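S.K.: So here's upload.csv, just CSV, C-alpha atoms and all ligand atoms:
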chain,number,residue,atom,x,y,z
M,166,MET,CA,2.1,16.1,-32.3
M,167,ALA,CA,1.7,12.7,-30.7
M,168,ILE,CA,4.3,11.8,-28.1
M,169,GLU,CA,5.2,8.1,-28.0
M,170,LEU,CA,5.8,7.0,-24.4
M,171,LYS,CA,8.1,4.0,-24.4
M,172,LYS,CA,8.0,1.8,-21.4
M,173,PRO,CA,11.4,1.5,-19.8
M,174,ARG,CA,12.8,-2.0,-20.6
M,175,LYS,CA,13.4,-4.0,-17.5
M,176,ASN,CA,17.0,-5.0,-17.0
M,177,ARG,CA,16.5,-8.7,-16.9
M,178,PRO,CA,19.6,-10.7,-16.1
M,179,ALA,CA,20.8,-12.7,-19.1
M,180,TRP,CA,22.2,-16.2,-19.2
M,181,HIS,CA,25.9,-16.6,-20.1
M,182,LYS,CA,28.1,-19.5,-21.0
M,183,LEU,CA,31.1,-20.0,-18.7
M,184,THR,CA,33.8,-22.6,-19.1
M,185,VAL,CA,34.8,-24.8,-16.2
M,186,THR,CA,38.6,-24.7,-15.6
M,187,GLY,CA,38.8,-26.8,-12.5
M,188,VAL,CA,36.9,-29.5,-10.6
M,189,ARG,CA,38.7,-30.4,-7.3
M,190,PRO,CA,37.5,-32.7,-4.6
M,191,LEU,CA,37.0,-31.0,-1.3
M,192,THR,CA,35.7,-34.1,0.6
M,193,ALA,CA,34.5,-37.5,-0.6
M,194,ASP,CA,31.1,-36.0,-1.5
M,195,ALA,CA,31.9,-32.3,-2.4
M,196,VAL,CA,33.8,-30.6,-5.2
M,197,GLU,CA,35.1,-27.1,-5.8
M,198,VAL,CA,34.3,-25.9,-9.3
M,199,THR,CA,36.2,-23.1,-10.9
M,200,LEU,CA,34.8,-21.1,-13.8
M,201,ALA,CA,36.7,-18.7,-16.1
M,202,VAL,CA,35.0,-15.4,-16.7
M,203,PRO,CA,36.1,-13.7,-20.0
M,204,GLU,CA,37.3,-10.1,-19.6
M,205,ASP,CA,34.2,-8.6,-21.3
M,206,LEU,CA,31.8,-10.4,-18.9
M,207,ARG,CA,33.7,-9.4,-15.7
M,208,PRO,CA,31.5,-6.3,-15.0
M,209,ALA,CA,28.4,-8.5,-15.3
M,210,PHE,CA,29.8,-11.1,-12.9
M,211,ASP,CA,31.1,-8.7,-10.3
M,212,PHE,CA,29.5,-9.6,-6.9
M,213,LYS,CA,29.4,-9.1,-3.2
M,214,PRO,CA,30.8,-11.9,-1.0
M,215,GLY,CA,27.8,-14.0,0.0
M,216,GLN,CA,26.0,-13.9,-3.3
M,217,HIS,CA,25.3,-17.0,-5.5
M,218,LEU,CA,25.2,-18.1,-9.1
M,219,THR,CA,22.2,-19.8,-10.8
M,220,PHE,CA,22.8,-22.7,-13.3
M,221,GLN,CA,20.5,-24.0,-15.9
M,222,ARG,CA,20.9,-27.4,-17.4
M,223,VAL,CA,18.8,-29.7,-19.7
M,224,GLU,CA,18.8,-33.2,-18.3
M,225,PRO,CA,19.1,-36.3,-20.5
M,226,ASP,CA,15.3,-36.8,-20.3
M,227,GLY,CA,14.7,-33.3,-21.6
M,228,SER,CA,13.7,-31.7,-18.3
M,229,GLU,CA,15.3,-28.4,-17.4
M,230,VAL,CA,16.8,-27.8,-13.9
M,231,ARG,CA,17.9,-24.6,-12.3
M,232,ARG,CA,20.0,-24.6,-9.1
M,233,SER,CA,21.8,-21.9,-7.1
M,234,TYR,CA,25.3,-22.3,-5.6
M,235,SER,CA,27.1,-19.7,-3.5
M,236,LEU,CA,30.4,-18.2,-4.5
M,237,ALA,CA,33.3,-19.3,-2.3
M,238,SER,CA,35.8,-16.9,-4.1
M,239,THR,CA,36.1,-13.1,-3.7
M,240,PRO,CA,35.6,-10.2,-6.0
M,241,ARG,CA,39.4,-9.6,-5.7
M,242,GLU,CA,40.0,-13.0,-7.2
M,243,LEU,CA,37.6,-12.2,-10.1
M,244,ALA,CA,39.4,-9.0,-10.8
M,245,ALA,CA,42.9,-10.4,-10.5
M,246,GLU,CA,42.5,-13.9,-12.0
M,247,GLY,CA,39.1,-13.8,-13.8
M,248,THR,CA,37.8,-16.8,-11.9
M,249,LEU,CA,34.8,-17.7,-9.8
M,250,ARG,CA,34.8,-20.7,-7.4
M,251,LEU,CA,31.9,-22.7,-5.9
M,252,GLY,CA,31.6,-25.5,-3.4
M,253,ILE,CA,29.0,-28.2,-4.4
M,254,ARG,CA,28.1,-31.0,-2.0
M,255,SER,CA,26.5,-34.1,-3.6
M,256,ILE,CA,22.9,-34.7,-2.2
M,257,PRO,CA,21.7,-38.3,-2.4
M,258,LYS,CA,19.8,-38.6,-5.7
M,259,GLY,CA,20.5,-34.9,-6.3
M,260,THR,CA,20.1,-34.0,-9.9
M,261,PHE,CA,22.5,-31.1,-10.4
M,262,SER,CA,24.8,-31.7,-7.4
M,263,GLY,CA,25.3,-35.4,-8.6
M,264,TYR,CA,26.1,-34.2,-12.1
M,265,ALA,CA,28.6,-31.6,-10.7
M,266,ASN,CA,30.3,-34.2,-8.5
M,267,ARG,CA,30.4,-37.1,-10.8
M,268,GLN,CA,30.4,-35.8,-14.4
M,269,LEU,CA,31.6,-32.2,-14.6
M,270,LEU,CA,35.1,-31.8,-16.2
M,271,PRO,CA,37.4,-28.9,-17.0
M,272,GLY,CA,36.4,-27.7,-20.5
M,273,ASP,CA,32.7,-28.2,-19.9
M,274,VAL,CA,30.5,-25.2,-20.5
M,275,LEU,CA,27.7,-24.2,-18.1
M,276,GLU,CA,24.8,-21.8,-18.6
M,277,VAL,CA,25.0,-19.3,-15.7
M,278,LEU,CA,23.1,-16.2,-14.5
M,279,PRO,CA,25.2,-13.4,-13.0
M,280,PRO,CA,25.4,-13.2,-9.2
M,281,LEU,CA,22.3,-12.6,-7.2
M,282,GLY,CA,21.2,-12.5,-3.6
M,283,HIS,CA,21.0,-10.4,-0.4
M,284,PHE,CA,23.1,-12.6,1.9
M,285,CYS,CA,25.8,-9.9,1.9
M,286,THR,CA,26.9,-6.6,3.4
M,287,ASP,CA,29.2,-3.7,2.8
M,288,ILE,CA,32.3,-5.1,4.5
M,289,ARG,CA,34.0,-2.6,6.9
M,290,PRO,CA,37.4,-3.0,8.6
M,291,ASP,CA,36.0,-1.9,12.0
M,292,ARG,CA,33.3,-4.5,12.1
M,293,HIS,CA,33.2,-7.9,13.8
M,294,TYR,CA,31.4,-10.5,11.6
M,295,GLY,CA,30.0,-13.7,13.2
M,296,SER,CA,28.8,-16.8,11.5
M,297,VAL,CA,27.1,-20.1,12.4
M,298,VAL,CA,27.1,-22.6,9.5
M,299,ALA,CA,26.7,-26.3,8.9
M,300,GLY,CA,28.0,-28.4,6.0
M,301,SER,CA,27.9,-26.8,2.5
M,302,GLY,CA,26.6,-23.6,4.2
M,303,ILE,CA,30.3,-22.7,4.6
M,304,THR,CA,30.6,-21.8,0.9
M,305,PRO,CA,29.4,-18.1,1.1
M,306,ILE,CA,31.1,-17.7,4.5
M,307,ILE,CA,34.5,-18.6,3.0
M,308,ALA,CA,34.0,-15.6,0.7
M,309,ILE,CA,32.6,-13.3,3.4
M,310,ALA,CA,35.3,-14.3,5.9
M,311,THR,CA,38.2,-14.0,3.4
M,312,ALA,CA,37.0,-10.5,2.2
M,313,ALA,CA,36.4,-9.3,5.8
M,314,LEU,CA,39.8,-10.6,7.1
M,315,GLU,CA,41.6,-9.1,4.1
M,316,ALA,CA,39.8,-5.8,4.8
M,317,GLY,CA,41.1,-5.8,8.4
M,318,ALA,CA,37.8,-6.9,10.1
M,319,THR,CA,37.4,-9.6,12.8
M,320,VAL,CA,35.5,-12.8,12.1
M,321,THR,CA,34.0,-15.4,14.5
M,322,LEU,CA,33.0,-18.7,12.9
M,323,LEU,CA,31.2,-21.6,14.4
M,324,TYR,CA,31.3,-24.4,11.8
M,325,SER,CA,29.4,-27.7,12.3
M,326,ASN,CA,30.2,-30.9,10.4
M,327,ARG,CA,29.7,-34.6,11.0
M,328,THR,CA,33.5,-35.3,11.0
M,329,GLU,CA,36.8,-33.7,10.1
M,330,ASP,CA,36.8,-35.7,6.8
M,331,THR,CA,33.4,-34.2,5.7
M,332,THR,CA,34.5,-30.6,6.4
M,333,MET,CA,34.4,-28.5,3.2
M,334,PHE,CA,37.2,-25.9,2.7
M,335,ALA,CA,39.1,-27.1,5.8
M,336,ALA,CA,42.5,-26.3,4.2
M,337,GLU,CA,41.3,-22.8,3.2
M,338,LEU,CA,40.2,-22.1,6.8
M,339,ARG,CA,43.6,-23.3,8.1
M,340,GLU,CA,45.3,-20.9,5.6
M,341,LEU,CA,43.0,-18.0,6.8
M,342,GLU,CA,43.9,-18.9,10.4
M,343,ARG,CA,47.6,-18.9,9.5
M,344,ALA,CA,47.3,-15.5,7.7
M,345,HIS,CA,44.9,-13.7,10.0
M,346,GLY,CA,44.9,-15.9,13.2
M,347,ASP,CA,44.6,-12.9,15.5
M,348,ARG,CA,41.3,-11.8,13.9
M,349,LEU,CA,39.8,-15.2,13.0
M,350,ARG,CA,38.1,-17.0,15.8
M,351,LEU,CA,37.3,-20.4,14.3
M,352,HIS,CA,35.4,-23.1,16.3
M,353,HIS,CA,34.7,-26.4,14.7
M,354,VAL,CA,31.7,-28.4,15.9
M,355,ARG,CA,31.6,-32.2,15.2
M,356,THR,CA,28.3,-34.1,15.3
M,357,ARG,CA,29.6,-37.6,14.7
M,358,THR,CA,33.0,-37.6,16.2
M,359,ASP,CA,34.6,-35.9,19.2
M,360,GLY,CA,34.9,-32.1,18.7
M,361,PRO,CA,37.6,-29.9,20.3
M,362,THR,CA,35.7,-29.9,23.6
M,363,PRO,CA,32.5,-31.7,24.9
M,364,LEU,CA,30.6,-28.4,24.3
M,365,LEU,CA,31.6,-28.4,20.7
M,366,THR,CA,30.6,-32.1,20.2
M,367,GLY,CA,27.1,-32.9,19.0
M,368,ARG,CA,24.3,-31.1,17.2
M,369,LEU,CA,24.1,-27.3,17.6
M,370,THR,CA,20.8,-27.4,19.5
M,371,PRO,CA,19.4,-24.1,20.8
M,372,GLU,CA,20.5,-25.1,24.3
M,373,ARG,CA,24.0,-26.0,23.2
M,374,LEU,CA,24.3,-22.7,21.2
M,375,GLN,CA,23.2,-20.7,24.2
M,376,GLU,CA,26.0,-22.3,26.3
M,377,VAL,CA,28.5,-21.7,23.5
M,378,LEU,CA,27.5,-18.0,23.3
M,379,GLY,CA,27.9,-17.7,27.0
M,380,THR,CA,31.4,-19.2,27.0
M,381,VAL,CA,33.3,-19.9,23.8
M,382,VAL,CA,31.9,-17.0,21.8
M,383,ASP,CA,31.1,-13.5,23.1
M,384,ALA,CA,28.0,-12.6,21.1
M,385,ARG,CA,28.0,-9.0,22.3
M,386,GLU,CA,31.2,-8.4,20.3
M,387,VAL,CA,29.6,-9.4,17.0
M,388,ASP,CA,28.1,-6.6,14.8
M,389,GLU,CA,26.6,-8.8,12.1
M,390,TRP,CA,25.7,-12.5,11.9
M,391,PHE,CA,25.6,-14.7,8.8
M,392,LEU,CA,23.7,-18.0,9.3
M,393,CYS,CA,23.7,-20.5,6.4
M,394,GLY,CA,22.6,-24.1,6.0
M,395,PRO,CA,19.5,-26.2,6.5
M,396,TYR,CA,16.2,-24.6,7.5
M,397,GLU,CA,16.0,-26.1,11.0
M,398,MET,CA,19.5,-25.1,12.0
M,399,VAL,CA,19.3,-21.6,10.6
M,400,LEU,CA,16.0,-20.8,12.3
M,401,GLY,CA,17.0,-22.3,15.6
M,402,VAL,CA,20.2,-20.3,15.7
M,403,LYS,CA,18.4,-17.1,14.6
M,404,GLU,CA,15.9,-17.5,17.5
M,405,VAL,CA,18.7,-17.8,20.1
M,406,LEU,CA,20.6,-14.8,18.7
M,407,GLU,CA,17.5,-12.7,18.6
M,408,ALA,CA,16.7,-13.6,22.2
M,409,ALA,CA,20.3,-12.6,23.1
M,410,GLY,CA,19.7,-9.3,21.3
M,411,THR,CA,22.9,-9.4,19.4
M,412,GLY,CA,23.9,-7.7,16.1
M,413,GLU,CA,22.1,-7.7,12.7
M,414,ILE,CA,21.3,-11.2,11.4
M,415,HIS,CA,21.5,-12.3,7.8
M,416,THR,CA,20.2,-15.7,6.8
M,417,GLU,CA,20.5,-18.0,3.7
M,418,LEU,CA,18.5,-21.2,3.5
M,419,TYR,CA,19.6,-24.1,1.3
M,420,THR,CA,16.5,-26.2,1.8
M,421,VAL,CA,13.1,-25.8,3.2
Q,1,LIG,C1,20.8,-19.4,-2.5
Q,1,LIG,C2,21.2,-20.8,-2.4
Q,1,LIG,C3,22.6,-21.1,-2.4
Q,1,LIG,C4,23.0,-22.4,-2.4
Q,1,LIG,N1,24.4,-22.7,-2.3
Q,1,LIG,C5,24.8,-23.9,-2.3
Q,1,LIG,C6,26.2,-24.2,-2.2
Q,1,LIG,O1,27.0,-23.3,-2.1
Q,1,LIG,N2,26.6,-25.5,-2.1
Q,1,LIG,C7,25.7,-26.5,-2.1
Q,1,LIG,O2,26.2,-27.7,-2.1
Q,1,LIG,N3,24.4,-26.3,-2.2
Q,1,LIG,C8,23.9,-25.1,-2.3
Q,1,LIG,N4,22.6,-24.8,-2.4
Q,1,LIG,C9,21.6,-26.0,-2.5
Q,1,LIG,C10,21.5,-26.3,-4.1
Q,1,LIG,O3,20.9,-25.2,-4.7
Q,1,LIG,C11,20.6,-27.5,-4.4
Q,1,LIG,O4,19.4,-27.3,-3.7
Q,1,LIG,C12,21.3,-28.8,-4.0
Q,1,LIG,O5,22.6,-29.0,-4.6
Q,1,LIG,C13,20.4,-30.0,-4.4
Q,1,LIG,O6,20.1,-29.9,-5.8
Q,1,LIG,P1,20.1,-31.2,-6.7
Q,1,LIG,O7,19.6,-30.8,-8.0
Q,1,LIG,O8,21.4,-32.0,-6.6
Q,1,LIG,O9,19.0,-32.1,-5.9
Q,1,LIG,P2,17.4,-32.3,-6.3
Q,1,LIG,O10,17.4,-33.2,-7.5
Q,1,LIG,O11,16.8,-30.9,-6.3
Q,1,LIG,O12,16.9,-33.0,-5.0
Q,1,LIG,C14,17.2,-34.4,-4.7
Q,1,LIG,C15,16.6,-34.7,-3.3
Q,1,LIG,O13,17.4,-34.1,-2.3
Q,1,LIG,C16,16.6,-33.2,-1.5
Q,1,LIG,N5,17.4,-32.0,-1.3
Q,1,LIG,C17,17.5,-30.9,-2.1
Q,1,LIG,N6,18.4,-30.0,-1.7
Q,1,LIG,C18,18.9,-30.5,-0.5
Q,1,LIG,C19,19.8,-30.1,0.4
Q,1,LIG,N7,20.5,-28.9,0.3
Q,1,LIG,N8,20.0,-30.9,1.5
Q,1,LIG,C20,19.4,-32.0,1.7
Q,1,LIG,N9,18.5,-32.5,0.8
Q,1,LIG,C21,18.2,-31.8,-0.3
Q,1,LIG,C22,15.3,-33.0,-2.3
Q,1,LIG,O14,14.2,-32.7,-1.5
Q,1,LIG,C23,15.2,-34.3,-3.1
Q,1,LIG,O15,14.6,-35.2,-2.3
Q,1,LIG,C24,22.1,-23.5,-2.4
Q,1,LIG,C25,20.7,-23.2,-2.4
Q,1,LIG,C26,20.3,-21.9,-2.4
Q,1,LIG,C27,18.8,-21.6,-2.4
Could the structure of this file be written out as structure tokens, please?
M.R.:
Amino acid sequence: MAIELKKPRKNRPAWHKLTVTGVRPLTADAVEVTLAVPEDLRPAFDFKPGQHLTFQRVEPDGSEVRRSYSLASTPRELAAEGTLRLGIRSIPKGTFSGYANRQLLPGDVLEVLPPLGHFCTDIRPDRHYGSVVAGSGITPIIAIATAALEAGATVTLLYSNRTEDTTMFAAELRELERAHGDRLRLHHVRTRTDGPTPLLTGRLTPERLQEVLGTVVDAREVDEWFLCGPYEMVLGVKEVLEAAGTGEIHTELYTV
């Protein structure tokens, strides 16, 4: 008798259509987009804080674009309210980010892949999570910090922006500080205006970071680092942290 050997089918992620339920300005050039996930799709869209969604869109000229955006919301919000939130900053001449910031409206339907990515960890209440981010790199960190603080963990966040007005999720961070101030150590860095101190004013060069780690932030207390943003910043910070021999380091690059 012949035995037919069937190749196991690969579990390829499938595209789904999700409806936009909110588009809210975060800054003059960034929006928060909320998507509703129907009950039957919630298991497929379950995620770990730090993961991202991938969108697919056909442009007016017929070309197809695919772009990734990190989730700013938590798995708890998905379970309780059935929503996912993202933070999208408009890039000059940016195809998808321009569309999201200028055209996207509640009621629009987007083609989305379920969450992917390895910029995450199993959050534990006894851990201290550290993060160095710039600009829209805050998006996955809002999710990680919220989940970590809600779990009882400690979070140190160094967040660099040009000015206060260009700071995405500033109100959410204030709310996290209000709710978990004793376990959230938040340090804003400003590159185009005065920061809270001279040390936290200007670009986070390796030299400046070294000084920050020696004074404002005690790197030895941090168990895991999450670095997110442009290539140059992430790699520069990683080198300094590696040299300091501190904690496990996770990285997410938005551009190369
Ligand atoms: C895993 C992952 C998660 C991401 N999460 C987020 C997020 O949460 N929020 C967010 O705003 N972005 C995020 N990004 C970046 C995002 O995917 C797009 O790359 C970005 O929005 C630009 O796409 P676009 O179609 O608007 O621009 P494009 O049409 O692709 O590019 C237009 C021009 O801008 C340049 N460019 C492209 N991306 C950037 C950039 N990030 N910075 C500066 N110049 C750029 C290009 O080289 C090109 O010259 C993420 C990227 C990755 C890989």
S.K.: Nearest residue to Ile288 of chain M out of M:Asp388, M:Val196, M:Thr356, M:Val274, using all atoms listed in the file?
M.R.: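 Looking only at the distances to Ile288 of chain M, the closest residue turns out to be M:Asp388.
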S.K.: Identify, counting only C-alpha atoms and all ligand atoms, the protein, DNA and RNA residues located within 10 Å of ligand LIG 1 (chain Q), and give them as a ChimeraX atom specification.
M.R.: /M:194-197,215-220,230-237,250-266,281-284,300-306,333,393-396,417-421
S.K.: Between atom CA of Arg385 of chain M and atom CA of Thr411 of chain M, what is the distance in Å, rounded to a tenth?
M.R.: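 Result for atom CA of Arg385 of chain M versus atom CA of Thr411 of chain M: 5.9 Å, one decimal.
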S.K.: Using Å and a single decimal, report how far atom CA of Pro271 of chain M sits from atom CA of Gly227 of chain M.
M.R.: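 Computing it gives 23.6 Å between the two atoms.
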S.K.: Calculated over only C-alpha atoms, which of the candidates M:Gly360, M:Thr321, M:Glu329, M:Ser228 has the smallest distance to Gly346 of chain M?
M.R.: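 Using only C-alpha atoms, Gly346 of chain M sits closest to M:Thr321.
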S.K.: At a cut-off of 10 Å, using only C-alpha atoms, what residues contact Leu341 of chain M? Leave out same-chain residues fewer than 2 positions from it and give the result as a PDB file with C-alpha atoms, in the frame of the given file.
M.R.:
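around_17.pdb, freshly written:
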ATOM      1  CA  ILE M 307      34.500 -18.600   3.000  1.00  0.00           C
ATOM      2  CA  ALA M 310      35.300 -14.300   5.900  1.00  0.00           C
ATOM      3  CA  THR M 311      38.200 -14.000   3.400  1.00  0.00           C
ATOM      4  CA  LEU M 314      39.800 -10.600   7.100  1.00  0.00           C
ATOM      5  CA  GLU M 315      41.600  -9.100   4.100  1.00  0.00           C
ATOM      6  CA  ALA M 335      39.100 -27.100   5.800  1.00  0.00           C
ATOM      7  CA  ALA M 336      42.500 -26.300   4.200  1.00  0.00           C
ATOM      8  CA  GLU M 337      41.300 -22.800   3.200  1.00  0.00           C
ATOM      9  CA  LEU M 338      40.200 -22.100   6.800  1.00  0.00           C
ATOM     10  CA  ARG M 339      43.600 -23.300   8.100  1.00  0.00           C
ATOM     11  CA  ARG M 343      47.600 -18.900   9.500  1.00  0.00           C
ATOM     12  CA  ALA M 344      47.300 -15.500   7.700  1.00  0.00           C
ATOM     13  CA  HIS M 345      44.900 -13.700  10.000  1.00  0.00           C
ATOM     14  CA  GLY M 346      44.900 -15.900  13.200  1.00  0.00           C
ATOM     15  CA  ARG M 348      41.300 -11.800  13.900  1.00  0.00           C
ATOM     16  CA  LEU M 349      39.800 -15.200  13.000  1.00  0.00           C
ATOM     17  CA  LEU M 351      37.300 -20.400  14.300  1.00  0.00           C
TER      18      LEU M 351
END
S.K.: Counting all atoms listed in the file, select every polymer residue within 12 Å of (25.6, -31.1, 20.5) as defined in the file's coordinates, and provide the selection as a PyMOL selection string.
M.R.: chain M and resi 325-327+353-360+362-377
S.K.: Residues near Trp390 of chain M, anyone? I mean within 10 Å using all atoms listed in the file, not counting same-chain ones fewer than 5 positions away, as a PyMOL selection string.
M.R.: chain M and resi 293-297+320-322+384+403+406+411-416
S.K.: Can you measure atom CA of Gly317 of chain M to atom CA of Thr239 of chain M for me? One decimal in Å is fine.
M.R.: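 Taking atom CA of Gly317 of chain M as the start and atom CA of Thr239 of chain M as the end point, the length is 15.0 Å.
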S.K.: For Glu242 of chain M, which residue out of M:Gly401, M:Pro214, M:Pro279, M:Gly379 is the nearest one, using only C-alpha atoms?
M.R.: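 Of M:Gly401, M:Pro214, M:Pro279, M:Gly379, the one nearest Glu242 of chain M, counting only C-alpha atoms, is M:Pro214.
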S.K.: Need the shell around Leu200 of chain M: protein/DNA/RNA residues with any atom at most 6 Å away, counting all atoms listed in the file. Skip same-chain ones fewer than 3 positions apart. Format as a list of chain:residue names?
M.R.: M:Thr184, M:Val185, M:Thr186, M:Thr248, M:Leu249
S.K.: Keeping only C-alpha atoms, write the selected residues as an mmCIF file, keeping the file's coordinate frame.
M.R.:
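Result went into selection-v2.cif, see below:
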data_model
loop_
_atom_site.group_PDB
_atom_site.id
_atom_site.type_symbol
_atom_site.label_atom_id
_atom_site.label_comp_id
_atom_site.auth_asym_id
_atom_site.auth_seq_id
_atom_site.Cartn_x
_atom_site.Cartn_y
_atom_site.Cartn_z
ATOM 1 C CA THR M 184 33.800 -22.600 -19.100
ATOM 2 C CA VAL M 185 34.800 -24.800 -16.200
ATOM 3 C CA THR M 186 38.600 -24.700 -15.600
ATOM 4 C CA THR M 248 37.800 -16.800 -11.900
ATOM 5 C CA LEU M 249 34.800 -17.700 -9.800
#
S.K.: When you count only C-alpha atoms, which of these residues is closest to Thr331 of chain M: M:Ala299, M:Ala244, M:Leu183, M:Val277?
M.R.: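 Counting only C-alpha atoms, the residue closest to Thr331 of chain M is M:Ala299.
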S.K.: I'd like to know which of M:Arg267, M:Asp211, M:Ala316, M:His352 is closest to Ala193 of chain M, using only C-alpha atoms.
M.R.: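 Comparing M:Arg267, M:Asp211, M:Ala316, M:His352 against Ala193 of chain M, the winner is M:Arg267.
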S.K.: Within 10 Å of Glu246 of chain M, counting only C-alpha atoms, which residues qualify if same-chain residues fewer than 3 places away don't, as a ChimeraX atom specification?
M.R.: /M:201-202,204,240-243,249
S.K.: So, with only C-alpha atoms as the atoms that count, which of M:Leu270, M:Ala318, M:Val387, M:Leu378 lies closest to Pro290 of chain M?
M.R.: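 Once distances to Pro290 of chain M are computed over only C-alpha atoms, the minimum belongs to M:Ala318.
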S.K.: Would you output segment 249-270 of chain M from that structure, restricted to N, CA and C atoms, as a CSV table (one decimal), in the first residue's frame?
M.R.:
chain,number,residue,atom,x,y,z
M,249,LEU,N,-6.4,48.4,18.6
M,249,LEU,CA,-5.0,48.5,18.5
M,249,LEU,C,-4.7,50.0,18.1
M,250,ARG,N,-3.6,50.5,18.7
M,250,ARG,CA,-3.2,51.9,18.4
M,250,ARG,C,-1.8,52.0,17.9
M,251,LEU,N,-1.6,52.9,17.0
M,251,LEU,CA,-0.2,53.1,16.4
M,251,LEU,C,0.1,54.6,16.4
M,252,GLY,N,1.4,54.9,16.3
M,252,GLY,CA,1.8,56.3,16.2
M,252,GLY,C,2.6,56.5,14.9
M,253,ILE,N,2.1,57.3,14.0
M,253,ILE,CA,2.7,57.4,12.7
M,253,ILE,C,3.2,58.8,12.4
M,254,ARG,N,4.5,59.0,12.3
M,254,ARG,CA,5.0,60.3,12.0
M,254,ARG,C,5.2,60.5,10.5
M,255,SER,N,4.8,61.7,10.0
M,255,SER,CA,4.9,62.0,8.6
M,255,SER,C,6.3,62.3,8.2
M,256,ILE,N,6.9,61.5,7.2
M,256,ILE,CA,8.2,61.7,6.7
M,256,ILE,C,8.1,62.6,5.5
M,257,PRO,N,9.0,63.6,5.2
M,257,PRO,CA,8.8,64.4,4.0
M,257,PRO,C,8.8,63.5,2.8
M,258,LYS,N,7.8,63.7,1.9
M,258,LYS,CA,7.6,62.9,0.7
M,258,LYS,C,7.3,61.4,1.0
M,259,GLY,N,7.0,61.1,2.3
M,259,GLY,CA,6.7,59.7,2.7
M,259,GLY,C,5.4,59.2,2.1
M,260,THR,N,5.4,58.1,1.5
M,260,THR,CA,4.2,57.6,0.8
M,260,THR,C,3.1,57.2,1.8
M,261,PHE,N,3.4,56.2,2.6
M,261,PHE,CA,2.4,55.7,3.6
M,261,PHE,C,2.2,56.7,4.7
M,262,SER,N,3.3,57.2,5.3
M,262,SER,CA,3.2,58.1,6.5
M,262,SER,C,2.4,59.4,6.1
M,263,GLY,N,2.6,59.9,4.8
M,263,GLY,CA,1.9,61.0,4.3
M,263,GLY,C,0.4,60.7,4.2
M,264,TYR,N,0.1,59.6,3.6
M,264,TYR,CA,-1.3,59.1,3.5
M,264,TYR,C,-2.0,59.0,4.8
M,265,ALA,N,-1.3,58.4,5.8
M,265,ALA,CA,-1.9,58.2,7.1
M,265,ALA,C,-2.1,59.6,7.8
M,266,ASN,N,-1.2,60.5,7.7
M,266,ASN,CA,-1.3,61.8,8.3
M,266,ASN,C,-2.3,62.7,7.6
M,267,ARG,N,-2.4,62.6,6.3
M,267,ARG,CA,-3.2,63.6,5.6
M,267,ARG,C,-4.5,63.1,5.1
M,268,GLN,N,-4.7,61.8,4.9
M,268,GLN,CA,-5.9,61.3,4.2
M,268,GLN,C,-6.7,60.4,5.1
M,269,LEU,N,-6.1,59.6,5.9
M,269,LEU,CA,-6.8,58.5,6.6
M,269,LEU,C,-7.9,59.1,7.6
M,270,LEU,N,-9.0,58.4,7.5
M,270,LEU,CA,-10.2,58.9,8.3
M,270,LEU,C,-10.9,57.7,9.0
